[in-house]
Structures are given as structure tokens and as C-alpha cells.
$ cat model.pdb   # PDB, C-alpha atoms
ATOM      1  CA  MET W 235     -14.153  34.568   9.472
ATOM      2  CA  VAL W 236     -14.050  35.755   5.876
ATOM      3  CA  VAL W 237     -10.397  34.693   5.741
ATOM      4  CA  SER W 238     -11.292  31.247   7.047
ATOM      5  CA  LEU W 239     -13.951  30.775   4.360
ATOM      6  CA  ALA W 240     -11.583  32.073   1.671
ATOM      7  CA  LEU W 241      -8.922  29.564   2.728
ATOM      8  CA  LEU W 242     -11.471  26.746   2.792
ATOM      9  CA  MET W 243     -12.651  27.629  -0.713
ATOM     10  CA  LEU W 244      -9.063  27.970  -1.929
ATOM     11  CA  GLY W 245      -8.137  24.507  -0.652
ATOM     12  CA  THR W 246     -11.302  22.965  -2.101
ATOM     13  CA  LEU W 247     -10.753  24.615  -5.480
ATOM     14  CA  ALA W 248      -7.141  23.437  -5.625
ATOM     15  CA  ALA W 249      -8.178  19.897  -4.666
ATOM     16  CA  LEU W 250     -10.691  19.804  -7.519
ATOM     17  CA  VAL W 251      -8.748  21.601 -10.239
ATOM     18  CA  ALA W 252      -5.144  20.464  -9.702
ATOM     19  CA  PRO W 253      -5.551  16.828 -10.912
ATOM     20  CA  GLY W 254      -6.947  17.937 -14.268
ATOM     21  CA  LEU W 255      -4.233  20.532 -14.766
ATOM     22  CA  MET W 256      -1.479  18.057 -13.932
ATOM     23  CA  ALA W 257      -3.001  15.398 -16.204
ATOM     24  CA  ARG W 258      -2.698  17.823 -19.135
ATOM     25  CA  ALA W 259       0.941  18.623 -18.341
ATOM     26  CA  ARG W 260       2.845  16.785 -21.085
ATOM     27  CA  TRP W 261       6.219  17.622 -19.550
ATOM     28  CA  ALA W 262       5.738  15.373 -16.494
ATOM     29  CA  GLU W 263       7.081  12.230 -18.183
ATOM     30  CA  ARG W 264      10.073  14.185 -19.466
ATOM     31  CA  GLU W 265      10.890  15.568 -16.020
ATOM     32  CA  PRO W 266       9.529  13.178 -13.364
ATOM     33  CA  VAL W 267      11.607  14.718 -10.563
ATOM     34  CA  VAL W 268      10.155  18.160 -11.261
ATOM     35  CA  ALA W 269       6.669  16.635 -11.474
ATOM     36  CA  LEU W 270       7.173  14.981  -8.082
ATOM     37  CA  TRP W 271       8.107  18.368  -6.621
ATOM     38  CA  VAL W 272       5.084  20.075  -8.197
ATOM     39  CA  TRP W 273       2.704  17.448  -6.819
ATOM     40  CA  GLN W 274       4.169  17.778  -3.337
ATOM     41  CA  CYS W 275       3.789  21.566  -3.446
ATOM     42  CA  VAL W 276       0.179  21.309  -4.633
ATOM     43  CA  VAL W 277      -0.787  18.879  -1.876
ATOM     44  CA  ALA W 278       1.102  20.963   0.689
ATOM     45  CA  GLY W 279      -0.861  24.016  -0.477
ATOM     46  CA  VAL W 280      -4.167  22.169  -0.090
ATOM     47  CA  LEU W 281      -3.302  20.896   3.384
ATOM     48  CA  LEU W 282      -1.980  24.303   4.446
ATOM     49  CA  SER W 283      -5.188  25.990   3.275
ATOM     50  CA  PHE W 284      -7.313  23.620   5.338
ATOM     51  CA  GLY W 285      -5.002  23.900   8.347
ATOM     52  CA  LEU W 286      -5.077  27.704   8.349
ATOM     53  CA  SER W 287      -8.834  27.690   7.811
ATOM     54  CA  MET W 288      -9.196  25.465  10.870
ATOM     55  CA  THR W 289      -6.989  27.798  12.914
ATOM     56  CA  PHE W 290      -8.948  30.950  12.048
ATOM     57  CA  SER W 291     -12.298  29.178  12.498
ATOM     58  CA  ALA W 292     -11.250  27.976  15.935
ATOM     59  CA  ALA W 293     -10.068  31.487  16.816
ATOM     60  CA  ALA W 294     -13.444  32.863  15.749
ATOM     61  CA  ALA W 295     -15.367  30.231  17.740
ATOM     62  CA  TRP W 296     -13.456  30.166  21.021
ATOM     63  CA  GLN W 297     -11.901  33.062  22.902
ATOM     64  CA  ALA W 298      -9.247  30.816  24.448
ATOM     65  CA  VAL W 299      -7.937  29.815  21.000
ATOM     66  CA  ARG W 300      -8.115  33.428  19.816
ATOM     67  CA  GLY W 301      -6.013  34.497  22.767
ATOM     68  CA  HIS W 302      -3.256  32.059  21.818
ATOM     69  CA  VAL W 303      -3.342  32.749  18.060
ATOM     70  CA  PHE W 304      -3.438  36.550  18.349
ATOM     71  CA  ALA W 305      -1.647  36.917  21.694
ATOM     72  CA  PRO W 306       1.111  39.298  20.514
ATOM     73  CA  ALA W 307      -1.028  41.058  17.888
ATOM     74  CA  PRO W 308      -2.348  44.620  18.295
ATOM     75  CA  HIS W 309      -6.100  45.125  18.623
ATOM     76  CA  ALA W 310      -6.312  46.548  15.080
ATOM     77  CA  VAL W 311      -5.008  43.267  13.648
ATOM     78  CA  VAL W 312      -7.632  41.214  15.504
ATOM     79  CA  GLU W 313     -10.370  43.551  14.275
ATOM     80  CA  ALA W 314      -9.153  43.219  10.685
ATOM     81  CA  TYR W 315     -10.083  39.526  10.672
ATOM     82  CA  ALA W 316     -13.715  40.118  11.831
ATOM     83  CA  LEU W 317     -13.639  36.884  13.812
ATOM     84  CA  GLY W 318     -17.037  37.278  15.413
ATOM     85  CA  ALA W 319     -19.074  37.512  12.225
ATOM     86  CA  TYR W 320     -20.070  33.822  11.860
ATOM     87  CA  GLY W 321     -20.186  32.494  15.405
ATOM     88  CA  PRO W 322     -21.862  29.023  15.272
ATOM     89  CA  TRP W 323     -20.569  28.066  11.826
ATOM     90  CA  SER W 324     -16.984  28.782  12.757
ATOM     91  CA  ALA W 325     -17.082  26.102  15.463
ATOM     92  CA  VAL W 326     -18.556  23.556  13.037
ATOM     93  CA  ILE W 327     -15.877  24.256  10.416
ATOM     94  CA  ALA W 328     -13.105  24.123  13.009
ATOM     95  CA  VAL W 329     -14.276  20.791  14.427
ATOM     96  CA  LEU W 330     -14.722  19.186  10.992
ATOM     97  CA  LEU W 331     -11.290  20.287   9.821
ATOM     98  CA  ALA W 332      -9.686  19.194  13.095
ATOM     99  CA  LEU W 333     -11.268  15.759  12.731
ATOM    100  CA  GLY W 334      -9.902  15.634   9.194
ATOM    101  CA  GLY W 335      -6.423  16.427  10.480
ATOM    102  CA  VAL W 336      -6.614  13.750  13.180
ATOM    103  CA  TRP W 337      -7.878  11.227  10.615
ATOM    104  CA  THR W 338      -5.000  12.108   8.268
ATOM    105  CA  GLY W 339      -2.478  11.535  11.045
ATOM    106  CA  ALA W 340      -4.099   8.218  11.948
ATOM    107  CA  MET W 341      -3.981   7.048   8.326
ATOM    108  CA  LEU W 342      -0.306   7.989   8.040
ATOM    109  CA  VAL W 343       0.552   6.117  11.244
ATOM    110  CA  ARG W 344      -1.358   3.079   9.972
ATOM    111  CA  GLU W 345       0.411   3.237   6.596
ATOM    112  CA  VAL W 346       3.857   3.405   8.191
ATOM    113  CA  HIS W 347       2.970   0.607  10.625
ATOM    114  CA  ARG W 348       1.809  -1.629   7.784
ATOM    115  CA  ALA W 349       4.934  -0.876   5.757
ATOM    116  CA  ARG W 350       7.161  -1.806   8.694
ATOM    117  CA  ALA W 351       5.166  -4.989   9.274
ATOM    118  CA  ARG W 352       5.594  -5.940   5.602
ATOM    119  CA  ARG W 353       9.313  -5.210   5.842
ATOM    120  CA  ARG W 354       9.709  -7.394   8.947
ATOM    121  CA  ARG W 355       7.719 -10.172   7.310
ATOM    122  CA  ARG W 356       9.865 -10.022   4.192
ATOM    123  CA  ARG W 357      13.071 -10.103   6.206
ATOM    124  CA  THR W 358      11.800 -13.126   8.137
ATOM    125  CA  GLU W 359      10.894 -14.882   4.886
ATOM    126  CA  LEU W 360      14.301 -13.948   3.501
ATOM    127  CA  LEU W 361      16.086 -15.572   6.466
ATOM    128  CA  VAL W 362      13.993 -18.717   5.967
ATOM    129  CA  ARG W 363      14.679 -18.952   2.226
ATOM    130  CA  SER W 364      18.286 -17.753   2.467
ATOM    131  CA  PRO W 365      19.628 -18.639   5.933
ATOM    132  CA  LEU W 366      22.828 -17.051   7.186
ATOM    133  CA  MET W 367      26.035 -18.990   6.911
ATOM    134  CA  PRO W 368      28.120 -19.596  10.062
ATOM    135  CA  GLY W 369      29.841 -16.338  10.975
ATOM    136  CA  GLU W 370      27.753 -14.263   8.576
ATOM    137  CA  GLU W 371      26.158 -11.098   9.982
ATOM    138  CA  PRO W 372      22.552 -10.120   9.052
ATOM    139  CA  GLY W 373      22.521  -7.527   6.281
ATOM    140  CA  SER W 374      26.235  -7.900   5.608
ATOM    141  CA  GLY W 375      25.669  -8.329   1.855
ATOM    142  CA  ARG W 376      24.052  -5.705  -0.351
ATOM    143  CA  LEU W 377      22.873  -8.377  -2.827
ATOM    144  CA  VAL W 378      20.909 -11.485  -1.837
ATOM    145  CA  VAL W 379      20.187 -14.254  -4.335
ATOM    146  CA  LEU W 380      17.178 -16.517  -3.806
ATOM    147  CA  GLU W 381      16.250 -19.712  -5.563
ATOM    148  CA  GLY W 382      13.157 -19.010  -7.638
ATOM    149  CA  GLU W 383      11.587 -19.927 -10.957
ATOM    150  CA  ARG W 384      10.013 -16.499 -11.394
ATOM    151  CA  PRO W 385      12.243 -13.582 -12.427
ATOM    152  CA  ASP W 386      11.955 -10.979  -9.720
ATOM    153  CA  ALA W 387      13.992  -8.323  -7.968
ATOM    154  CA  TRP W 388      13.096  -5.910  -5.198
ATOM    155  CA  TRP W 389      14.741  -3.509  -2.796
ATOM    156  CA  LEU W 390      14.432  -4.293   0.902
ATOM    157  CA  PRO W 391      14.849  -0.990   2.796
ATOM    158  CA  GLY W 392      15.937  -0.653   6.379
ATOM    159  CA  ALA W 393      19.068  -0.084   8.452
ATOM    160  CA  ALA W 394      20.950  -2.458   6.123
ATOM    161  CA  PRO W 395      19.164  -2.173   2.752
ATOM    162  CA  GLN W 396      19.546  -5.051   0.326
ATOM    163  CA  LEU W 397      18.660  -5.906  -3.248
ATOM    164  CA  VAL W 398      16.944  -9.297  -3.387
ATOM    165  CA  ILE W 399      17.004 -11.098  -6.733
ATOM    166  CA  THR W 400      15.946 -14.571  -7.803
ATOM    167  CA  THR W 401      18.058 -17.047  -9.719
ATOM    168  CA  ALA W 402      15.568 -16.884 -12.595
ATOM    169  CA  ALA W 403      16.164 -13.124 -12.828
ATOM    170  CA  LEU W 404      19.929 -13.684 -12.856
ATOM    171  CA  GLY W 405      19.423 -15.991 -15.803
ATOM    172  CA  ARG W 406      17.466 -13.304 -17.652
ATOM    173  CA  LEU W 407      19.617 -10.271 -16.913
ATOM    174  CA  LYS W 408      22.607 -10.019 -19.216
ATOM    175  CA  GLY W 409      25.733  -7.902 -18.994
ATOM    176  CA  ARG W 410      25.179  -4.681 -17.071
ATOM    177  CA  GLN W 411      21.428  -5.179 -16.715
ATOM    178  CA  LEU W 412      21.811  -6.390 -13.122
ATOM    179  CA  ASP W 413      23.830  -3.262 -12.291
ATOM    180  CA  ALA W 414      21.071  -1.162 -13.900
ATOM    181  CA  VAL W 415      18.416  -2.839 -11.730
ATOM    182  CA  LEU W 416      20.563  -2.183  -8.648
ATOM    183  CA  ALA W 417      20.971   1.476  -9.667
ATOM    184  CA  HIS W 418      17.198   1.754 -10.190
ATOM    185  CA  GLU W 419      16.451   0.433  -6.710
ATOM    186  CA  GLN W 420      19.168   2.583  -5.147
ATOM    187  CA  GLY W 421      17.550   5.585  -6.827
ATOM    188  CA  HIS W 422      14.372   4.801  -4.897
ATOM    189  CA  ALA W 423      16.280   4.474  -1.636
ATOM    190  CA  GLN W 424      18.372   7.631  -2.005
ATOM    191  CA  ALA W 425      15.350   9.789  -2.863
ATOM    192  CA  ARG W 426      13.267   8.255  -0.023
ATOM    193  CA  HIS W 427      10.463   7.418  -2.397
ATOM    194  CA  ASP W 428       8.996   5.104   0.229
ATOM    195  CA  TRP W 429       7.945   8.124   2.313
ATOM    196  CA  LEU W 430       6.242   9.716  -0.688
ATOM    197  CA  LEU W 431       4.308   6.508  -1.241
ATOM    198  CA  HIS W 432       3.376   6.277   2.454
ATOM    199  CA  CYS W 433       2.079   9.865   2.592
ATOM    200  CA  SER W 434       0.165   9.685  -0.684
ATOM    201  CA  GLY W 435      -1.307   6.314   0.259
ATOM    202  CA  ALA W 436      -2.415   7.614   3.669
ATOM    203  CA  LEU W 437      -4.169  10.646   2.150
ATOM    204  CA  ALA W 438      -5.874   8.609  -0.583
ATOM    205  CA  THR W 439      -7.001   5.937   1.884
ATOM    206  CA  GLY W 440      -8.275   8.462   4.407
ATOM    207  CA  PHE W 441     -10.079  10.640   1.852
ATOM    208  CA  PRO W 442     -10.899   8.452  -1.189
ATOM    209  CA  GLN W 443     -13.451  10.950  -2.530
ATOM    210  CA  VAL W 444     -10.978  13.861  -2.733
ATOM    211  CA  PRO W 445      -9.668  13.941  -6.336
ATOM    212  CA  VAL W 446      -6.300  15.513  -5.584
ATOM    213  CA  PHE W 447      -5.351  12.853  -3.034
ATOM    214  CA  ALA W 448      -6.328   9.919  -5.269
ATOM    215  CA  ALA W 449      -4.415  11.443  -8.192
ATOM    216  CA  PHE W 450      -1.467  12.193  -5.881
ATOM    217  CA  ARG W 451      -1.191   8.518  -4.915
ATOM    218  CA  ASP W 452      -1.484   7.243  -8.488
ATOM    219  CA  GLU W 453       1.035   9.755  -9.817
ATOM    220  CA  MET W 454       3.518   9.065  -7.033
ATOM    221  CA  HIS W 455       3.554   5.365  -7.928
ATOM    222  CA  ARG W 456       4.127   6.222 -11.589
ATOM    223  CA  LEU W 457       6.574   9.099 -11.241
ATOM    224  CA  VAL W 458       8.894   7.478  -8.700
ATOM    225  CA  GLU W 459       9.419   4.603 -11.147
ATOM    226  CA  LEU W 460      10.174   7.020 -13.987
ATOM    227  CA  ALA W 461      12.596   8.949 -11.799
ATOM    228  CA  ALA W 462      14.395   5.741 -10.767
ATOM    229  CA  ASP W 463      14.513   4.635 -14.417
ATOM    230  CA  ASP W 464      16.255   7.915 -15.249
ATOM    231  CA  VAL W 465      18.795   7.383 -12.463
ATOM    232  CA  ALA W 466      19.678   3.963 -13.873
ATOM    233  CA  SER W 467      19.653   5.075 -17.510
ATOM    234  CA  ARG W 468      22.086   7.933 -16.826
ATOM    235  CA  ARG W 469      24.622   5.394 -15.539
ATOM    236  CA  PHE W 470      24.017   2.395 -17.788
ATOM    237  CA  GLY W 471      22.005   3.639 -20.755
ATOM    238  CA  ARG W 472      18.316   3.574 -21.640
ATOM    239  CA  LEU W 473      18.514   0.355 -23.645
ATOM    240  CA  THR W 474      20.109  -1.530 -20.742
ATOM    241  CA  ILE W 475      17.401  -0.683 -18.202
ATOM    242  CA  ALA W 476      14.653  -1.199 -20.823
ATOM    243  CA  LEU W 477      15.917  -4.728 -21.564
ATOM    244  CA  ALA W 478      16.151  -5.409 -17.831
ATOM    245  CA  LEU W 479      12.508  -4.380 -17.399
ATOM    246  CA  VAL W 480      11.470  -6.655 -20.262
ATOM    247  CA  GLY W 481      13.469  -9.557 -18.846
ATOM    248  CA  LEU W 482      11.900  -9.232 -15.398
ATOM    249  CA  ASN W 483       8.321  -8.777 -16.620
ATOM    250  CA  GLU W 484       7.833 -10.603 -19.924
ATOM    251  CA  ASP W 485       6.379 -13.726 -18.239
ATOM    252  CA  ARG W 486       3.813 -11.741 -16.248
ATOM    253  CA  GLY W 487       1.553 -10.862 -19.175
ATOM    254  CA  VAL W 488       2.138  -7.128 -18.848
ATOM    255  CA  PHE W 489       2.997  -6.785 -22.530
ATOM    256  CA  GLY W 490      -0.222  -8.409 -23.720
ATOM    257  CA  PRO W 491      -3.309  -6.651 -25.118
ATOM    258  CA  SER W 492      -5.027  -6.481 -21.719
ATOM    259  CA  PRO W 493      -2.486  -6.669 -18.882
ATOM    260  CA  ALA W 494      -4.000  -7.527 -15.518
ATOM    261  CA  SER W 495      -1.292  -5.804 -13.519
ATOM    262  CA  GLY W 496       1.862  -3.828 -14.142
ATOM    263  CA  ALA W 497       0.264  -1.871 -16.977
ATOM    264  CA  HIS W 498       2.807   0.901 -16.423
ATOM    265  CA  VAL W 499       5.747  -1.340 -17.388
ATOM    266  CA  PRO W 500       5.159  -1.177 -21.192
ATOM    267  CA  LEU W 501       4.838   2.604 -20.928
ATOM    268  CA  ARG W 502       8.145   2.771 -19.065
ATOM    269  CA  VAL W 503       9.851   0.611 -21.687
ATOM    270  CA  ASN W 504       8.454   2.720 -24.539
ATOM    271  CA  ARG W 505       9.599   5.882 -22.768
ATOM    272  CA  LEU W 506      13.116   4.503 -22.423
ATOM    273  CA  LEU W 507      13.307   3.326 -26.036
ATOM    274  CA  THR W 508      11.849   6.506 -27.546
ATOM    275  CA  PRO W 509      13.462   9.268 -25.479
ATOM    276  CA  VAL W 510      12.381  12.865 -25.902
ATOM    277  CA  GLU W 511      14.474  15.911 -25.234
ATOM    278  CA  ARG W 512      14.489  17.147 -21.652
ATOM    279  CA  LEU W 513      13.201  20.562 -20.736
ATOM    280  CA  THR W 514      15.757  23.311 -20.710
ATOM    281  CA  ALA W 515      17.406  24.160 -17.401
ATOM    282  CA  GLY W 516      15.648  27.522 -17.410
ATOM    283  CA  ARG W 517      12.216  25.991 -17.800
ATOM    284  CA  ARG W 518      12.909  23.405 -15.094
ATOM    285  CA  LEU W 519      13.945  26.219 -12.782
ATOM    286  CA  ARG W 520      10.796  28.223 -13.583
ATOM    287  CA  LEU W 521       8.550  25.218 -12.945
ATOM    288  CA  THR W 522      10.307  24.494  -9.662
ATOM    289  CA  ALA W 523      10.008  28.116  -8.514
ATOM    290  CA  ALA W 524       6.357  28.377  -9.595
ATOM    291  CA  ALA W 525       5.494  25.184  -7.690
ATOM    292  CA  ALA W 526       7.234  26.510  -4.577
ATOM    293  CA  LEU W 527       4.903  29.518  -4.679
ATOM    294  CA  VAL W 528       1.760  27.340  -4.432
ATOM    295  CA  PRO W 529       1.963  26.904  -0.626
ATOM    296  CA  VAL W 530       2.722  30.628  -0.350
ATOM    297  CA  VAL W 531      -0.741  31.562  -1.690
ATOM    298  CA  PRO W 532      -2.689  30.419   1.420
ATOM    299  CA  LEU W 533      -0.096  32.150   3.604
ATOM    300  CA  LEU W 534      -0.718  35.418   1.744
ATOM    301  CA  VAL W 535      -4.481  35.009   2.109
ATOM    302  CA  ALA W 536      -4.016  34.386   5.813
ATOM    303  CA  PHE W 537      -1.635  37.223   6.620
ATOM    304  CA  VAL W 538      -2.580  40.020   4.216
ATOM    305  CA  PRO W 539      -5.434  41.379   6.425
ATOM    306  CA  GLY W 540      -3.165  41.562   9.457
ATOM    307  CA  LEU W 541      -0.304  43.148   7.514
ATOM    308  CA  SER W 542      -2.707  45.662   5.984
ATOM    309  CA  ALA W 543      -3.968  46.607   9.426
ATOM    310  CA  LEU W 544      -0.419  47.150  10.606
ATOM    311  CA  GLY W 545       0.294  49.295   7.563
TER     312      GLY W 545
END

$ encode --input "model.pdb" --output "C-alpha cells"
Amino acid sequence: MVVSLALLMLGTLAALVAPGLMARARWAEREPVVALWVWQCVVAGVLLSFGLSMTFSAAAAWQAVRGHVFAPAPHAVVEAYALGAYGPWSAVIAVLLALGGVWTGAMLVREVHRARARRRRRRTELLVRSPLMPGEEPGSGRLVVLEGERPDAWWLPGAAPQLVITTAALGRLKGRQLDAVLAHEQGHAQARHDWLLHCSGALATGFPQVPVFAAFRDEMHRLVELAADDVASRRFGRLTIALALVGLNEDRGVFGPSPASGAHVPLRVNRLLTPVERLTAGRRLRLTAAAALVPVVPLLVAFVPGLSALG
């Protein structure tokens, strides 16, 4: 039971401390892909800590669960975990954490269902505003142009993904700016950023009071855009994608003194126009390896007593 409490405290501590540490990391804007990986490892470590804590609490509370968890283990290993020390409390912790896991799954299912409903609705609206010509197959074109007075462009994922762009946006985008917008949206699709947004949104919606999940959602929305900007800028240049962003957003008031929405767009443009040197390959590798060790910590806490008993 001591291991279960240690894992619970470890997960809670990480959930409280990680957002502040990541907010002070000045390298995140320089390396958004690495920052995305670090955030995923941190959240995985938190969830793994709670999941293992639930498992050991349930094993301490109910003999049937203990039999399944420690079925192949020698008696000395079972004794090393002192599972019978906190009888009633172990059941309470196990039930609460299990309910949290079920709630997380329900929120993720709801998030995916809503995303699919939005996608179907958008495709239906697209067919109404841009009907198929005789003999044309649905999704046969990668680029769809809609009549519209507002400059806009968005990626429509699915089995046949498409870039939808309005005629007003075509009038704004000059030269290779349209290709840069397409590369930006393809960067989202190739990296499956939609799944990151679904998972972070589900966790933040299900547990709005947990700091790490709220920060995870906010940072995912910001970092996936920076990562896609970098994909486009490597192919077409920083100035090209920056001008494309300005052209698509200048009529929305996002560049004013108090933007109502899209406040991240000016920051993205400034980042593209005032580039800073990337981290060295060695430092990127060290950050990636260090982040990969975060989920290993709860595994060590969980298995060290049993391995010590075997030794």
C-alpha cells in the first residue's frame, strides 16, 4: 500500500508542478516538436502513476484482484508490497481512481464523436456550397474553392482530406502563399495533430481543475500551430507563411490592441519574422531522451520493491 500512496503522490506532484516548469522553458517556441513530445511524456507519466496506484490499491483491497496481479509472483514479492496495511482506504482509492479512468475514457469518446459530427456537418455544408459536377467523385480534388467574402482556409480531414479555401482568401494570397498554407495544413494532417487535440481536450474537459490537463490542452493548440508553421516555412520560407497568416487574419481584428480571438496569430507572425537559432541536435536529443524517462519513473516506483525482493 505504501507503493500505491507513493504513486498517487508522484502523479499529483507532477500534475501540479509540470505546468509551471514547462511555462518557464524558453526553448519550447524554438523547438515545438520537442515540446509536444515532452508534454505527451509528462501527461503519460501522470496517467501511468494514477493507473498503477489504482492497480496496487485494488490488489490491496480485494484478494481476487491481488490473485490476478501477483499470480506468477513468489510469496516474497507479494510480502514486499505490504498490501494489507491500509485495508479500507485502499478500496476507496481504487474506486476513485477507477471512476476517474472511466470518466477519462467517456470524455475521449465524446470528444471524438463531436469531432466526427463536426466533420460530417462541414462536408455536408461543403457539398451544398460547392456541389459536385456531373461525373465528379466526392473528394477527388485536394483543393476546394468556395465563394466567400471572408478570407479563410481550413483543412478537412478524413478518408479523402481536402484544403478548403474561399475566393476572398485566393485574392489575398500572392505567389507561393497558397502553397505555404497547403503545406501548413498538410503538416497538421501528417503529424495527426487532431488526435493530440482530441486527447488534450478530453482530459481538460473531464478534469478542469487539474492544472496539468488544462495547460496540456492550451499548449497543444499553440504548439501544433507552431510546428505546422515550421513545416511550411522550411519549404517556402518564413516570410511567405507570415504574409499568408497576415492576409488570412488581418480583417478579423487579431492584430489590434485587444484581440477578441486568435490572439496567438500575432505571436506566430512575430516568431516567423524574428527567427531565433534552433537548439543544437545534441540538446534536442537530450531533451527527447529526458522526456522519455518521465513515464519510466512511476514504473521504477512500482517495480523496485518486487525486484528487490527477488534480489

$ closest_residue --input "model.pdb" --among "W:Leu506, W:Ala316, W:Ala536, W:Gly481" --to "Leu244 in chain W" --atoms "all atoms listed in the file"
W:Ala536

$ resolve_selection --input "model.pdb" --expression "the PyMOL selection byres ((chain W and resi 447-449) around 7)" --output "list in words"
Pro253, Ser434, Leu437, Ala438, Pro442, Val444, Pro445, Val446, Phe450, Arg451, Asp452 and Glu453 of chain W

$ write_last_selection --input "model.pdb" --atoms "C-alpha atoms" --output "compact mmCIF listing (two decimals), keeping the file's coordinate frame"
# COMPACT_ATOMS: atom_id res chain seq x y z
CA PRO W 253 -5.55 16.83 -10.91
CA SER W 434 0.16 9.68 -0.68
CA LEU W 437 -4.17 10.65 2.15
CA ALA W 438 -5.87 8.61 -0.58
CA PRO W 442 -10.90 8.45 -1.19
CA VAL W 444 -10.98 13.86 -2.73
CA PRO W 445 -9.67 13.94 -6.34
CA VAL W 446 -6.30 15.51 -5.58
CA PHE W 450 -1.47 12.19 -5.88
CA ARG W 451 -1.19 8.52 -4.92
CA ASP W 452 -1.48 7.24 -8.49
CA GLU W 453 1.03 9.76 -9.82

$ residues_around --input "model.pdb" --residues "range 266-277 of chain W" --least-positions-apart "2" --cutoff "7 Å" --atoms "only C-alpha atoms" --output "JSON, numbers by chain"
{"W": [262, 263, 264, 279, 280, 281, 450, 457, 460, 461, 522, 525, 526, 528, 529]}

$ closest_residue --input "model.pdb" --among "W:Ala462, W:Val343, W:Leu407, W:Val326" --to "Arg426 in chain W" --atoms "only C-alpha atoms"
W:Ala462

$ resolve_selection --input "model.pdb" --expression "the PyMOL selection byres ((chain W and resi 310) around 12)" --output "PyMOL selection string"
chain W and resi 304+306-309+311-316+539-545

$ resolve_selection --input "model.pdb" --expression "the PyMOL selection byres ((chain W and resi 236) around 12)" --output "list in words"
Met235, Val237, Ser238, Leu239, Ala240, Leu241, Leu242, Met243, Ser287, Phe290, Ser291, Ala294, Ala314, Tyr315, Ala316, Leu317, Gly318, Ala319, Tyr320, Gly321, Trp323, Ser324, Val535, Ala536 and Pro539 of chain W

$ atom_distance --input "model.pdb" --atom1 "CA of Leu507 in chain W" --atom2 "CA of Lys408 in chain W"
17.6 Å

$ decode --input "model.pdb" --residues "range 428-434 of chain W" --atoms "all heavy atoms" --output "short mmCIF file (atom, residue, chain, number, x, y, z; two decimals), in the first residue's frame"
data_model
loop_
_atom_site.label_atom_id
_atom_site.label_comp_id
_atom_site.auth_asym_id
_atom_site.auth_seq_id
_atom_site.Cartn_x
_atom_site.Cartn_y
_atom_site.Cartn_z
N ASP W 428 -4.72 16.27 -34.93
CA ASP W 428 -6.11 16.22 -34.48
C ASP W 428 -6.27 15.29 -33.28
O ASP W 428 -7.05 15.58 -32.36
CB ASP W 428 -7.04 15.79 -35.62
CG ASP W 428 -6.61 14.48 -36.27
OD1 ASP W 428 -5.40 14.16 -36.23
OD2 ASP W 428 -7.47 13.78 -36.84
N TRP W 429 -5.52 14.19 -33.25
CA TRP W 429 -5.61 13.27 -32.12
C TRP W 429 -5.03 13.89 -30.84
O TRP W 429 -5.55 13.66 -29.75
CB TRP W 429 -4.93 11.95 -32.44
CG TRP W 429 -5.80 11.04 -33.23
CD1 TRP W 429 -5.74 10.77 -34.56
CD2 TRP W 429 -6.94 10.31 -32.73
NE1 TRP W 429 -6.74 9.91 -34.93
CE2 TRP W 429 -7.49 9.61 -33.83
CE3 TRP W 429 -7.54 10.19 -31.48
CZ2 TRP W 429 -8.62 8.80 -33.70
CZ3 TRP W 429 -8.65 9.38 -31.34
CH2 TRP W 429 -9.18 8.69 -32.45
N LEU W 430 -3.96 14.66 -30.98
CA LEU W 430 -3.43 15.36 -29.82
C LEU W 430 -4.46 16.33 -29.26
O LEU W 430 -4.64 16.44 -28.04
CB LEU W 430 -2.16 16.13 -30.21
CG LEU W 430 -0.85 15.34 -30.26
CD1 LEU W 430 0.28 16.24 -30.71
CD2 LEU W 430 -0.53 14.73 -28.90
N LEU W 431 -5.14 17.03 -30.14
CA LEU W 431 -6.15 17.99 -29.69
C LEU W 431 -7.34 17.27 -29.06
O LEU W 431 -7.91 17.74 -28.07
CB LEU W 431 -6.61 18.85 -30.87
CG LEU W 431 -5.52 19.72 -31.52
CD1 LEU W 431 -6.08 20.51 -32.69
CD2 LEU W 431 -4.89 20.66 -30.49
N HIS W 432 -7.73 16.13 -29.62
CA HIS W 432 -8.84 15.36 -29.03
C HIS W 432 -8.49 14.90 -27.61
O HIS W 432 -9.28 15.05 -26.67
CB HIS W 432 -9.16 14.14 -29.90
CG HIS W 432 -9.73 14.48 -31.23
ND1 HIS W 432 -10.40 15.64 -31.49
CD2 HIS W 432 -9.70 13.78 -32.42
CE1 HIS W 432 -10.78 15.67 -32.75
NE2 HIS W 432 -10.36 14.55 -33.34
N CYS W 433 -7.30 14.31 -27.46
CA CYS W 433 -6.91 13.77 -26.15
C CYS W 433 -6.75 14.87 -25.12
O CYS W 433 -7.23 14.75 -23.98
CB CYS W 433 -5.60 12.99 -26.28
SG CYS W 433 -5.74 11.48 -27.26
N SER W 434 -6.09 15.96 -25.49
CA SER W 434 -5.90 17.05 -24.53
C SER W 434 -7.23 17.70 -24.19
O SER W 434 -7.47 18.06 -23.02
CB SER W 434 -4.93 18.09 -25.11
OG SER W 434 -5.44 18.67 -26.30
#
